[in-house]
file work04.cif (mmCIF, C-alpha atoms)
data_input
#
loop_
_atom_site.label_atom_id
_atom_site.label_comp_id
_atom_site.auth_asym_id
_atom_site.auth_seq_id
_atom_site.Cartn_x
_atom_site.Cartn_y
_atom_site.Cartn_z
CA MET A 1 99.91 181.81 124.01
CA LYS A 2 98.48 185.15 125.15
CA LYS A 3 100.98 185.22 127.99
CA ASN A 4 103.86 184.72 125.55
CA ARG A 5 102.60 187.52 123.32
CA ILE A 6 102.40 189.97 126.24
CA PHE A 7 105.84 188.89 127.31
CA LEU A 8 107.30 189.38 123.83
CA ILE A 9 105.66 192.81 123.48
CA THR A 10 107.11 193.86 126.87
CA ILE A 11 110.62 192.80 125.81
CA VAL A 12 110.37 194.57 122.42
CA ALA A 13 109.00 197.69 124.18
CA LEU A 14 111.92 197.63 126.65
CA ILE A 15 114.49 197.32 123.84
CA LEU A 16 112.79 200.16 121.90
CA LEU A 17 112.63 202.31 125.03
CA SER A 18 116.33 201.77 125.74
CA GLY A 19 117.14 202.68 122.11
CA ILE A 20 115.08 205.89 122.27
CA TRP A 21 116.61 206.67 125.68
CA TYR A 22 120.13 206.29 124.23
CA LEU A 23 119.28 208.57 121.28
CA ILE A 24 117.94 211.30 123.58
CA LYS A 25 120.07 211.00 126.72
CA LYS A 26 123.18 209.22 125.34
CA THR A 27 123.22 206.92 128.37
CA ASN A 28 122.34 203.30 129.05
CA PHE A 29 118.68 203.04 130.11
CA PHE A 30 119.25 199.84 132.14
CA ASN A 31 122.19 201.38 134.02
CA GLU A 32 119.94 204.35 134.93
CA ILE A 33 117.39 201.92 136.39
CA PHE A 34 120.04 199.80 138.12
CA GLY A 35 121.58 202.94 139.61
CA LEU A 36 118.20 204.15 140.86
CA ILE A 37 117.32 200.83 142.48
CA LEU A 38 120.72 199.55 143.58
CA SER A 39 122.71 202.63 144.59
CA PRO A 40 121.20 202.82 148.15
CA PHE A 41 122.00 199.11 148.68
CA LEU A 42 125.52 199.42 147.27
CA GLU A 43 126.16 202.60 149.28
CA GLY A 44 124.95 200.89 152.45
CA SER A 45 127.03 197.75 151.93
CA THR A 46 130.17 199.73 151.01
CA TYR A 47 129.70 201.93 154.10
CA SER A 48 129.13 198.98 156.41
CA GLY A 49 132.10 197.20 154.78
CA SER A 50 134.43 200.07 155.56
CA LYS A 51 133.02 200.26 159.10
CA THR A 52 133.66 196.52 159.57
CA ARG A 53 137.22 196.97 158.31
CA ASN A 54 137.78 199.86 160.72
CA PHE A 55 136.30 197.80 163.54
CA PHE A 56 138.65 194.87 162.91
CA GLN A 57 141.61 197.19 162.46
CA ASN A 58 140.84 198.97 165.74
CA TYR A 59 139.57 196.20 167.99
CA LEU A 60 141.01 192.93 166.73
CA PHE A 61 143.74 192.88 169.37
CA LEU A 62 141.50 193.84 172.27
CA VAL A 63 139.68 190.50 172.51
CA ASP A 64 141.75 189.07 175.40
CA LEU A 65 140.43 191.43 178.11
CA LYS A 66 139.51 189.84 181.43
CA ARG A 67 135.97 188.51 182.08
CA GLU A 68 135.31 190.67 185.17
CA ASN A 69 135.90 193.77 183.08
CA GLU A 70 133.20 192.73 180.60
CA ARG A 71 130.78 195.48 181.52
CA LEU A 72 133.49 198.14 181.44
CA LYS A 73 134.81 196.76 178.21
CA LYS A 74 131.40 197.03 176.57
CA GLU A 75 131.06 200.56 177.79
CA ILE A 76 134.52 201.47 176.52
CA LEU A 77 133.80 199.86 173.16
CA LEU A 78 130.56 201.78 172.90
CA LEU A 79 132.34 205.03 173.74
CA LYS A 80 135.15 204.17 171.38
CA SER A 81 132.77 203.43 168.55
CA GLN A 82 131.06 206.76 169.23
CA LEU A 83 134.46 208.43 169.28
CA ALA A 84 135.45 206.65 166.05
CA ASN A 85 132.23 207.90 164.53
CA TYR A 86 132.99 211.48 165.61
CA LYS A 87 136.59 211.12 164.44
CA GLU A 88 135.38 209.88 161.08
CA ARG A 89 133.04 212.88 160.80
CA GLU A 90 135.87 215.18 161.86
CA ARG A 91 138.18 213.58 159.31
CA ILE A 92 135.66 214.07 156.49
CA TYR A 93 135.05 217.65 157.62
CA LYS A 94 138.80 218.30 157.82
CA GLU A 95 139.35 216.70 154.43
CA LEU A 96 136.66 218.94 152.92
CA GLU A 97 138.11 221.98 154.72
CA ASP A 98 141.67 221.15 153.59
CA PHE A 99 140.54 220.50 150.08
CA TYR A 100 138.74 223.79 149.71
CA LYS A 101 141.61 225.64 151.43
CA LEU A 102 144.30 224.00 149.31
CA SER A 103 142.45 224.23 146.04
CA THR A 104 141.74 227.95 146.08
CA GLU A 105 144.04 228.39 143.07
CA ILE A 106 141.82 225.97 141.12
CA THR A 107 139.10 228.26 139.90
CA TYR A 108 136.71 225.56 138.73
CA PRO A 109 133.78 224.63 140.96
CA LYS A 110 134.06 221.29 142.75
CA VAL A 111 131.54 218.70 143.87
CA ALA A 112 132.32 216.38 146.79
CA ALA A 113 131.20 212.78 146.15
CA LYS A 114 131.11 209.61 148.22
CA ILE A 115 132.20 206.29 146.74
CA ILE A 116 129.26 203.91 146.61
CA TYR A 117 130.94 200.91 145.00
CA LYS A 118 134.50 199.73 144.28
CA PRO A 119 134.53 196.59 142.12
CA VAL A 120 138.31 195.99 142.81
CA ASP A 121 138.56 194.11 139.50
CA PRO A 122 142.07 192.74 138.73
CA PHE A 123 141.89 194.01 135.15
CA SER A 124 140.44 197.48 135.64
CA GLY A 125 140.27 200.37 138.11
CA ILE A 126 136.73 201.67 138.37
CA ILE A 127 134.73 203.31 141.17
CA PHE A 128 131.11 204.48 141.35
CA ILE A 129 130.32 207.82 142.99
CA ASP A 130 127.01 209.07 144.36
CA LYS A 131 126.84 212.20 142.19
CA GLY A 132 125.49 212.32 138.65
CA SER A 133 124.07 214.58 135.97
CA LYS A 134 121.67 216.20 138.46
CA ASP A 135 124.75 217.61 140.25
CA GLY A 136 126.25 219.02 137.06
CA ILE A 137 128.72 216.20 136.42
CA LEU A 138 129.63 215.40 132.81
CA PRO A 139 131.92 212.78 131.24
CA GLN A 140 135.67 213.58 131.07
CA MET A 141 135.69 215.75 134.20
CA PRO A 142 138.77 215.28 136.45
CA VAL A 143 138.37 213.56 139.83
CA LEU A 144 140.60 214.63 142.74
CA ALA A 145 141.20 213.55 146.34
CA GLY A 146 142.94 215.02 149.37
CA VAL A 147 146.40 213.72 150.35
CA SER A 148 146.18 213.57 154.16
CA GLY A 149 145.71 217.30 154.54
CA GLU A 150 148.92 218.13 152.67
CA GLY A 151 147.55 218.71 149.21
CA ILE A 152 145.22 217.52 146.52
CA ALA A 153 145.95 215.02 143.82
CA LEU A 154 144.41 213.66 140.66
CA VAL A 155 142.86 210.21 141.10
CA GLY A 156 140.88 209.68 137.91
CA GLN A 157 138.36 210.86 135.37
CA VAL A 158 134.58 210.60 135.00
CA VAL A 159 133.63 208.31 132.10
CA GLU A 160 129.91 207.57 132.37
CA VAL A 161 127.29 209.80 133.95
CA TYR A 162 123.77 208.82 134.97
CA ARG A 163 121.17 210.88 136.83
CA ASN A 164 122.22 210.01 140.39
CA TRP A 165 125.54 208.15 139.97
CA SER A 166 128.65 208.17 137.82
CA LYS A 167 131.40 205.79 136.81
CA VAL A 168 134.98 206.97 137.33
CA ILE A 169 138.17 205.40 135.96
CA LEU A 170 141.12 205.61 138.34
CA LEU A 171 144.73 206.38 137.34
CA THR A 172 145.42 202.64 137.35
CA ASP A 173 142.73 201.70 134.80
CA PRO A 174 144.15 200.61 131.40
CA SER A 175 141.81 203.13 129.68
CA PHE A 176 143.27 206.06 131.63
CA SER A 177 145.90 208.34 130.14
CA ALA A 178 147.05 211.89 130.96
CA ASP A 179 149.67 214.31 129.74
CA VAL A 180 151.99 214.87 132.73
CA LYS A 181 155.39 216.29 133.53
CA VAL A 182 158.09 215.68 136.10
CA GLU A 183 158.03 218.69 138.43
CA ARG A 184 161.82 218.86 139.02
CA THR A 185 163.03 218.51 135.43
CA GLY A 186 159.98 219.65 133.48
CA ASP A 187 160.13 216.58 131.20
CA ARG A 188 156.77 215.68 129.70
CA GLY A 189 155.38 212.21 129.24
CA ILE A 190 152.16 210.23 129.02
CA LEU A 191 150.87 208.55 132.15
CA VAL A 192 148.92 205.34 131.47
CA GLY A 193 147.28 202.84 133.80
CA LYS A 194 147.85 199.09 133.66
CA ALA A 195 145.58 197.70 136.42
CA GLU A 196 148.58 197.36 138.77
CA LYS A 197 149.68 199.28 141.86
CA TYR A 198 151.90 201.54 139.76
CA CYS A 199 151.20 203.45 136.53
CA ASN A 200 153.56 203.77 133.57
CA LEU A 201 155.05 207.10 132.54
CA GLN A 202 155.95 206.76 128.86
CA TYR A 203 157.69 208.82 126.17
CA LEU A 204 160.08 210.62 128.51
CA PRO A 205 163.03 212.11 126.55
CA SER A 206 166.08 209.80 126.55
CA ALA A 207 168.22 212.63 128.00
CA SER A 208 165.79 213.15 130.88
CA GLN A 209 167.38 213.32 134.35
CA VAL A 210 164.31 211.85 136.05
CA LYS A 211 165.11 209.89 139.21
CA GLU A 212 163.30 207.98 141.91
CA GLY A 213 161.28 210.19 144.25
CA ASP A 214 160.54 212.91 141.68
CA GLU A 215 157.01 214.24 141.81
CA VAL A 216 154.80 213.96 138.74
CA ILE A 217 152.19 216.65 138.05
CA THR A 218 149.69 217.30 135.26
CA SER A 219 151.03 219.44 132.42
CA GLY A 220 147.68 220.92 131.39
CA GLN A 221 148.51 220.25 127.73
CA ASP A 222 145.88 217.56 127.15
CA ALA A 223 142.93 219.93 127.70
CA PHE A 224 141.34 217.50 130.19
CA PHE A 225 143.23 218.21 133.41
CA PRO A 226 144.28 221.64 134.75
CA PRO A 227 148.07 222.13 135.07
CA GLY A 228 149.94 221.52 138.33
CA LEU A 229 147.79 218.79 139.87
CA LEU A 230 149.89 216.30 141.83
CA VAL A 231 149.64 212.77 140.44
CA GLY A 232 152.33 210.59 141.98
CA LYS A 233 155.98 209.86 142.65
CA VAL A 234 158.51 208.13 140.41
CA VAL A 235 159.58 204.77 141.85
CA TYR A 236 161.55 203.30 138.94
CA VAL A 237 163.22 204.67 135.77
CA LYS A 238 164.51 202.69 132.79
CA ARG A 239 165.29 203.12 129.11
CA ASP A 240 162.36 202.01 126.95
CA PRO A 241 163.42 198.63 125.52
CA VAL A 242 161.07 198.96 122.54
CA GLN A 243 161.69 202.58 121.59
CA ALA A 244 165.27 203.38 122.64
CA MET A 245 164.87 207.11 122.08
CA PHE A 246 162.58 207.29 125.10
CA LYS A 247 162.78 206.48 128.77
CA TYR A 248 159.93 205.11 130.81
CA ALA A 249 159.20 205.28 134.51
CA GLU A 250 156.85 203.69 136.99
CA VAL A 251 154.79 206.11 139.07
CA GLU A 252 153.12 205.39 142.39
CA PRO A 253 149.92 207.43 142.88
CA VAL A 254 150.20 209.68 145.95
CA VAL A 255 146.67 208.82 146.98
CA ASN A 256 145.99 205.32 148.27
CA LEU A 257 143.39 204.32 145.70
CA TYR A 258 142.23 201.28 147.70
CA ASN A 259 141.29 203.36 150.75
CA LEU A 260 139.39 206.10 148.95
CA ASP A 261 136.00 207.01 150.36
CA LEU A 262 135.59 210.66 149.41
CA VAL A 263 136.53 212.34 146.12
CA PHE A 264 135.97 215.70 144.46
CA VAL A 265 134.83 216.16 140.90
CA LEU A 266 136.19 219.27 139.21
CA LEU A 267 133.42 220.75 137.06
CA LYS A 268 135.78 221.37 134.16
CA LEU A 269 135.15 220.40 130.56
CA PRO A 270 137.86 219.86 127.91
CA GLU A 271 139.01 223.25 126.66
CA ILE A 272 139.30 222.31 122.99
CA PRO A 273 136.64 220.55 120.93
CA LEU A 274 137.64 216.89 120.53
CA MET B 1 119.07 167.70 134.43
CA GLY B 2 117.47 169.54 131.53
CA PHE B 3 115.08 171.86 133.32
CA THR B 4 113.16 174.90 132.19
CA ILE B 5 113.22 177.89 134.45
CA ASN B 6 109.85 179.29 135.57
CA ILE B 7 108.68 182.70 136.76
CA LYS B 8 108.15 181.50 140.34
CA GLU B 9 111.81 180.45 140.59
CA ILE B 10 112.99 183.71 139.03
CA PHE B 11 111.18 185.92 141.55
CA GLY B 12 111.30 183.54 144.49
CA ILE B 13 114.89 182.27 144.30
CA PHE B 14 117.14 183.74 141.62
CA LEU B 15 116.35 187.47 141.91
CA PRO B 16 116.60 187.64 145.75
CA ILE B 17 119.90 185.72 145.62
CA LEU B 18 121.16 188.04 142.84
CA LEU B 19 120.38 191.09 145.00
CA LEU B 20 122.21 189.43 147.88
CA VAL B 21 125.16 188.64 145.58
CA LEU B 22 125.47 192.30 144.56
CA ILE B 23 125.33 193.48 148.18
CA VAL B 24 127.85 190.87 149.36
CA LYS B 25 130.16 191.72 146.44
CA SER B 26 130.08 195.42 147.31
CA TYR B 27 130.52 194.67 151.05
CA LEU B 28 133.45 192.29 150.54
CA SER B 29 135.21 194.67 148.13
CA SER B 30 135.00 197.32 150.82
CA VAL B 31 136.12 195.07 153.71
CA LEU B 32 138.85 193.01 152.10
CA LEU B 33 140.37 195.64 149.76
CA PHE B 34 141.25 192.86 147.35
CA TYR B 35 139.32 191.15 144.59
CA PRO B 36 136.71 188.78 146.09
CA GLY B 37 136.24 186.83 142.82
CA ASP B 38 133.83 187.20 139.93
CA MET B 39 130.60 186.51 141.76
CA ILE B 40 128.26 187.24 138.84
CA ILE B 41 129.87 184.71 136.48
CA ALA B 42 130.00 182.21 139.38
CA PHE B 43 126.27 182.71 140.03
CA THR B 44 125.55 182.34 136.30
CA LEU B 45 127.46 179.05 136.10
CA ALA B 46 125.63 177.73 139.16
CA ILE B 47 122.25 178.63 137.60
CA LEU B 48 123.19 177.02 134.28
CA THR B 49 124.09 173.82 136.10
CA PHE B 50 120.49 173.49 137.31
CA ARG B 51 118.45 175.18 134.59
CA ASP B 52 119.22 175.15 130.88
CA SER B 53 116.20 176.26 128.85
CA GLY B 54 113.30 178.70 128.63
CA THR B 55 112.96 182.25 127.36
CA LEU B 56 113.02 183.51 130.94
CA LEU B 57 116.46 181.98 131.43
CA TYR B 58 117.89 183.90 128.49
CA ILE B 59 116.30 187.13 129.70
CA PHE B 60 117.73 186.54 133.16
CA LEU B 61 121.13 185.77 131.59
CA SER B 62 121.04 189.05 129.67
CA PHE B 63 120.37 190.88 132.94
CA LEU B 64 123.31 189.06 134.53
CA GLY B 65 125.41 190.20 131.55
CA LEU B 66 124.30 193.79 132.20
CA PHE B 67 125.26 193.49 135.87
CA GLU B 68 128.65 192.02 134.93
CA SER B 69 129.22 194.92 132.52
CA LEU B 70 128.87 197.45 135.38
CA ASP B 71 132.50 196.73 136.34
CA PHE B 72 133.73 197.53 132.81
CA LEU B 73 133.47 200.29 130.25
CA ASN B 74 131.17 200.00 127.22
CA MET B 75 130.93 196.20 127.43
CA GLU B 76 127.15 195.91 127.89
CA ILE B 77 126.18 194.43 124.51
CA PHE B 78 129.21 192.15 124.31
CA LEU B 79 128.65 190.68 127.78
CA VAL B 80 124.89 190.23 127.28
CA PHE B 81 125.57 188.23 124.11
CA TYR B 82 128.35 186.28 125.84
CA PHE B 83 126.09 185.25 128.75
CA ILE B 84 123.30 184.19 126.36
CA PHE B 85 125.87 182.26 124.29
CA LEU B 86 127.04 180.52 127.47
CA GLY B 87 123.45 179.40 128.16
CA ILE B 88 122.92 178.06 124.63
CA PHE B 89 126.37 176.44 124.57
CA LEU B 90 125.81 174.58 127.83
CA LYS B 91 122.36 173.38 126.77
CA HIS B 92 123.91 171.63 123.75
CA LEU B 93 127.05 170.57 125.59
CA LYS B 94 125.06 168.63 128.20
CA LYS B 95 124.14 166.03 125.56
CA TYR B 96 127.76 165.03 125.06
CA PHE B 97 128.98 164.95 128.66
CA ALA B 98 128.01 162.91 131.66
CA PHE B 99 126.75 166.02 133.39
CA GLU B 100 125.20 164.10 136.28
CA ARG B 101 128.71 163.45 137.56
CA PHE B 102 130.11 166.12 139.87
CA GLU B 103 133.55 165.88 138.19
CA SER B 104 132.02 166.83 134.82
CA LYS B 105 130.32 169.82 136.41
CA MET B 106 133.57 170.92 138.04
CA ALA B 107 135.43 170.57 134.74
CA PHE B 108 132.78 172.66 133.01
CA TRP B 109 132.96 175.36 135.70
CA VAL B 110 136.75 175.60 135.59
CA LEU B 111 136.83 175.66 131.78
CA SER B 112 134.12 178.34 131.65
CA ILE B 113 135.99 180.49 134.19
CA ILE B 114 139.25 180.10 132.23
CA PHE B 115 137.47 180.92 128.97
CA PHE B 116 135.95 184.06 130.51
CA LEU B 117 139.37 184.98 131.89
CA ILE B 118 140.83 184.67 128.38
CA LEU B 119 138.12 187.05 127.14
CA LYS B 120 139.07 189.46 129.93
CA TYR B 121 142.71 189.17 128.81
CA ILE B 122 141.75 190.04 125.22
CA ILE B 123 139.87 193.14 126.39
CA TYR B 124 142.70 194.05 128.79
CA PHE B 125 145.50 193.75 126.22
CA TYR B 126 143.38 195.68 123.73
CA GLN B 127 143.14 198.56 126.22
CA VAL B 128 146.57 198.46 127.82
CA ASN B 129 149.36 200.33 126.07
CA ILE B 130 152.58 199.59 127.91
CA PHE B 131 155.83 197.70 127.63
CA ILE B 132 155.40 194.15 128.95
CA ASP B 133 158.23 192.71 131.06
CA TRP B 134 158.56 189.51 133.12
CA MET B 135 157.43 191.21 136.35
CA PHE B 136 154.25 192.35 134.62
CA LEU B 137 153.60 188.82 133.36
CA LEU B 138 154.28 187.35 136.81
CA ASN B 139 151.75 189.76 138.33
CA LEU B 140 149.26 188.81 135.66
CA ALA B 141 149.78 185.09 136.32
CA LEU B 142 149.22 185.57 140.07
CA LYS B 143 146.13 187.67 139.45
CA SER B 144 144.76 185.00 137.09
CA LEU B 145 145.34 182.24 139.62
CA HIS B 146 143.59 184.29 142.30
CA TYR B 147 140.73 185.01 139.87
CA ILE B 148 140.22 181.33 138.98
CA LEU B 149 140.41 180.05 142.58
CA ALA B 150 138.21 182.77 144.09
CA THR B 151 135.58 182.47 141.34
CA PHE B 152 135.56 178.67 141.51
CA LEU B 153 134.99 178.87 145.26
CA TRP B 154 131.97 181.11 144.65
CA VAL B 155 130.56 178.65 142.08
CA LEU B 156 130.72 175.90 144.71
CA ILE B 157 128.99 178.16 147.26
CA PHE B 158 126.22 179.17 144.83
CA TYR B 159 125.82 175.58 143.63
CA LYS B 160 125.23 174.49 147.21
CA ILE B 161 122.81 177.38 147.96
CA LEU B 162 120.80 176.95 144.76
CA GLY B 163 120.76 173.18 145.30
CA ILE B 164 119.14 173.62 148.70
CA PHE B 165 116.48 176.03 147.41
CA LEU B 166 115.68 174.27 144.13
CA TYR B 167 115.42 170.77 145.60
CA LYS B 168 113.24 172.14 148.40
CA GLU B 169 111.06 173.76 145.73
CA SER B 170 110.71 170.53 143.70
#
call {"tool": "encode", "arguments": {"input": "work04.cif", "output": "structure tokens"}}
result
Amino acid sequence: MKKNRIFLITIVALILLSGIWYLIKKTNFFNEIFGLILSPFLEGSTYSGSKTRNFFQNYLFLVDLKRENERLKKEILLLKSQLANYKERERIYKELEDFYKLSTEITYPKVAAKIIYKPVDPFSGIIFIDKGSKDGILPQMPVLAGVSGEGIALVGQVVEVYRNWSKVILLTDPSFSADVKVERTGDRGILVGKAEKYCNLQYLPSASQVKEGDEVITSGQDAFFPPGLLVGKVVYVKRDPVQAMFKYAEVEPVVNLYNLDLVFVLLKLPEIPL
Amino acid sequence: MGFTINIKEIFGIFLPILLLVLIVKSYLSSVLLFYPGDMIIAFTLAILTFRDSGTLLYIFLSFLGLFESLDFLNMEIFLVFYFIFLGIFLKHLKKYFAFERFESKMAFWVLSIIFFLILKYIIYFYQVNIFIDWMFLLNLALKSLHYILATFLWVLIFYKILGIFLYKES
């Protein structure tokens, strides 16, 4: 009986605490705790997962080496893994260098963040990053990534921020939308995610001359994203069957969202009160 | 069947396996680059097959709901209530079905996965704002099939694992 009472008091106290926490911090108390406890585990498993994938990609076809070369093979593998490790470090360094070099026209400060967890859900597009409110991140900030040293592109938006981790929706998430324009023609439209490989570009003018291969960039009119950020390429254009006065297009993000491991959060808040 | 969960099982069996589930889920998502199945709902269904009552069970179910909601946006309260509902629903359902039979269990698992998938559809179509064509529907059908098969496979795995630990315990 006494045990039950203590138990009940603990539960009520937890619920009250989470309510007070929400009123003060505007975040989910349990997610803060989960993040604090689980983020090292998730980060470790995601890191080892990507290493395993790299290993299989690199060494899967090397298994039929001769037995007498076993010792040499082991040595080579060890050296190769060391080399892969250095190459990975070099790649991250180069990506950071390229990003900061290419984004000099973006005057907002940026924070580099590692991805600690990708749920890969078939009905959403969410990632968790290892930076949170302690690093100055706030909800609605744009998230960018490097495009193999050739530029930077928009990949998503921060939606929930906790002390040491944040939740980011990718371009493909059904909750994502951005005001964009086609770089060649200047036609504006709304880019929305649909949990598929491609995003939809809606409300293009019916007279628009958009064609496959056109680059899509942010227009800067929605107050969330700065203008001129590369988003993707048009892969398909059609007249909107529901609203004939518009055209719609399918856009392929320029960044491979499945292979992301490093992103940059732009410390930019919406410019108009919403 | 008809067992109450106790604190020893929670800390000795269910919580360590839950931690392992989260790590494996994160690892597989990173290795495979495709959806490995809904491991949390699979784990929940496996638990509910063995244990169906006790305050601790409902608290544990609410935590599972919170973990499931991590992959979504603002779904915490809804999923917590859904997981608790699933526990209560199964407790009463067991009276009317021959739950000792493996076929009945399998039918319950598949129906629960499909029901949860329908809920996911409702949330998805509420969020999504696009024109729907046949290609989109075909993609959705393939994704659903993958979801059901992968999640069902995980239920079988967790059922086997929990069976080993819980029978050893008893």
call {"tool": "resolve_selection", "arguments": {"input": "work04.cif", "expression": "the PyMOL selection byres ((chain A and resi 212) around 10)", "output": "ChimeraX atom specification"}}
result
/A:210-211,213-215,233-237,249-251
call {"tool": "interface_residues", "arguments": {"input": "work04.cif", "of": "chain B", "to": "chain A", "cutoff": "6 Å", "atoms": "all atoms listed in the file", "output": "JSON list (two decimals) with C-alpha atoms, in the coordinates of the input"}}
result
[["chain", "number", "residue", "atom", "x", "y", "z"],
["B", 23, "ILE", "CA", 125.33, 193.48, 148.18],
["B", 26, "SER", "CA", 130.08, 195.42, 147.31],
["B", 27, "TYR", "CA", 130.52, 194.67, 151.05],
["B", 30, "SER", "CA", 135.00, 197.32, 150.82],
["B", 31, "VAL", "CA", 136.12, 195.07, 153.71],
["B", 35, "TYR", "CA", 139.32, 191.15, 144.59],
["B", 127, "GLN", "CA", 143.14, 198.56, 126.22],
["B", 128, "VAL", "CA", 146.57, 198.46, 127.82]]
call {"tool": "closest_residue", "arguments": {"input": "work04.cif", "among": "A:Leu204, A:Ile33, A:Val111, A:Ile137", "to": "Lys247 of chain A", "atoms": "only C-alpha atoms"}}
result
A:Leu204
call {"tool": "atom_distance", "arguments": {"input": "work04.cif", "atom1": "atom CA of Ile59 of chain B", "atom2": "atom CA of Phe83 of chain B"}}
result
10.0 Å
call {"tool": "atom_distance", "arguments": {"input": "work04.cif", "atom1": "atom CA of Phe72 of chain B", "atom2": "atom CA of Ile123 of chain B"}}
result
9.9 Å
call {"tool": "resolve_selection", "arguments": {"input": "work04.cif", "expression": "the PyMOL selection byres ((chain B and resi 154-168) around 7)", "output": "list of chain:residue names"}}
result
B:Met39, B:Ala42, B:Phe43, B:Leu45, B:Ala46, B:Ala150, B:Thr151, B:Phe152, B:Leu153, B:Glu169, B:Ser170
call {"tool": "atom_distance", "arguments": {"input": "work04.cif", "atom1": "atom CA of Ile122 of chain B", "atom2": "atom CA of Trp109 of chain B"}}
result
20.1 Å
call {"tool": "closest_residue", "arguments": {"input": "work04.cif", "among": "A:Val263, A:Ala112, A:Leu36, A:Val161", "to": "Ser133 of chain A", "atoms": "all atoms listed in the file"}}
result
A:Val161
call {"tool": "resolve_selection", "arguments": {"input": "work04.cif", "expression": "the PyMOL selection byres ((chain A and resi 165) around 7)", "output": "PyMOL selection string"}}
result
chain A and resi 35+128-132+161-164+166
call {"tool": "closest_residue", "arguments": {"input": "work04.cif", "among": "B:Ile148, B:Leu32, B:Ile40, B:Leu61", "to": "Val110 of chain B", "atoms": "only C-alpha atoms"}}
result
B:Ile148
call {"tool": "closest_residue", "arguments": {"input": "work04.cif", "among": "A:Ile6, A:Ala113, A:Ile152, A:Ile190", "to": "Asp135 of chain A", "atoms": "all atoms listed in the file"}}
result
A:Ala113
call {"tool": "decode", "arguments": {"input": "work04.cif", "residues": "segment 27-54 of chain B", "atoms": "C-alpha atoms", "output": "mmCIF file, in the first residue's frame"}}
result
data_model
loop_
_atom_site.group_PDB
_atom_site.id
_atom_site.type_symbol
_atom_site.label_atom_id
_atom_site.label_comp_id
_atom_site.auth_asym_id
_atom_site.auth_seq_id
_atom_site.Cartn_x
_atom_site.Cartn_y
_atom_site.Cartn_z
ATOM 1 C CA TYR B 27 22.687 1.313 -36.288
ATOM 2 C CA LEU B 28 20.540 -0.383 -38.947
ATOM 3 C CA SER B 29 19.162 2.943 -40.224
ATOM 4 C CA SER B 30 22.738 4.076 -40.715
ATOM 5 C CA VAL B 31 23.982 0.842 -42.356
ATOM 6 C CA LEU B 32 21.066 -0.084 -44.580
ATOM 7 C CA LEU B 33 19.914 3.410 -45.647
ATOM 8 C CA PHE B 34 16.377 2.082 -45.866
ATOM 9 C CA TYR B 35 13.629 1.673 -43.305
ATOM 10 C CA PRO B 36 14.397 -1.286 -41.008
ATOM 11 C CA GLY B 37 10.787 -1.574 -39.755
ATOM 12 C CA ASP B 38 8.968 -0.110 -36.781
ATOM 13 C CA MET B 39 10.933 -1.766 -34.005
ATOM 14 C CA ILE B 40 9.232 0.045 -31.113
ATOM 15 C CA ILE B 41 5.700 -1.036 -32.060
ATOM 16 C CA ALA B 42 7.049 -4.559 -32.728
ATOM 17 C CA PHE B 43 8.633 -4.648 -29.263
ATOM 18 C CA THR B 44 5.392 -3.351 -27.723
ATOM 19 C CA LEU B 45 3.319 -6.060 -29.417
ATOM 20 C CA ALA B 46 5.764 -8.738 -28.258
ATOM 21 C CA ILE B 47 5.543 -7.458 -24.649
ATOM 22 C CA LEU B 48 1.739 -7.334 -24.769
ATOM 23 C CA THR B 49 1.670 -10.947 -25.925
ATOM 24 C CA PHE B 50 3.335 -12.025 -22.677
ATOM 25 C CA ARG B 51 2.180 -9.422 -20.152
ATOM 26 C CA ASP B 52 -1.206 -7.729 -20.083
ATOM 27 C CA SER B 53 -1.815 -6.030 -16.731
ATOM 28 C CA GLY B 54 -0.277 -3.956 -13.955
#
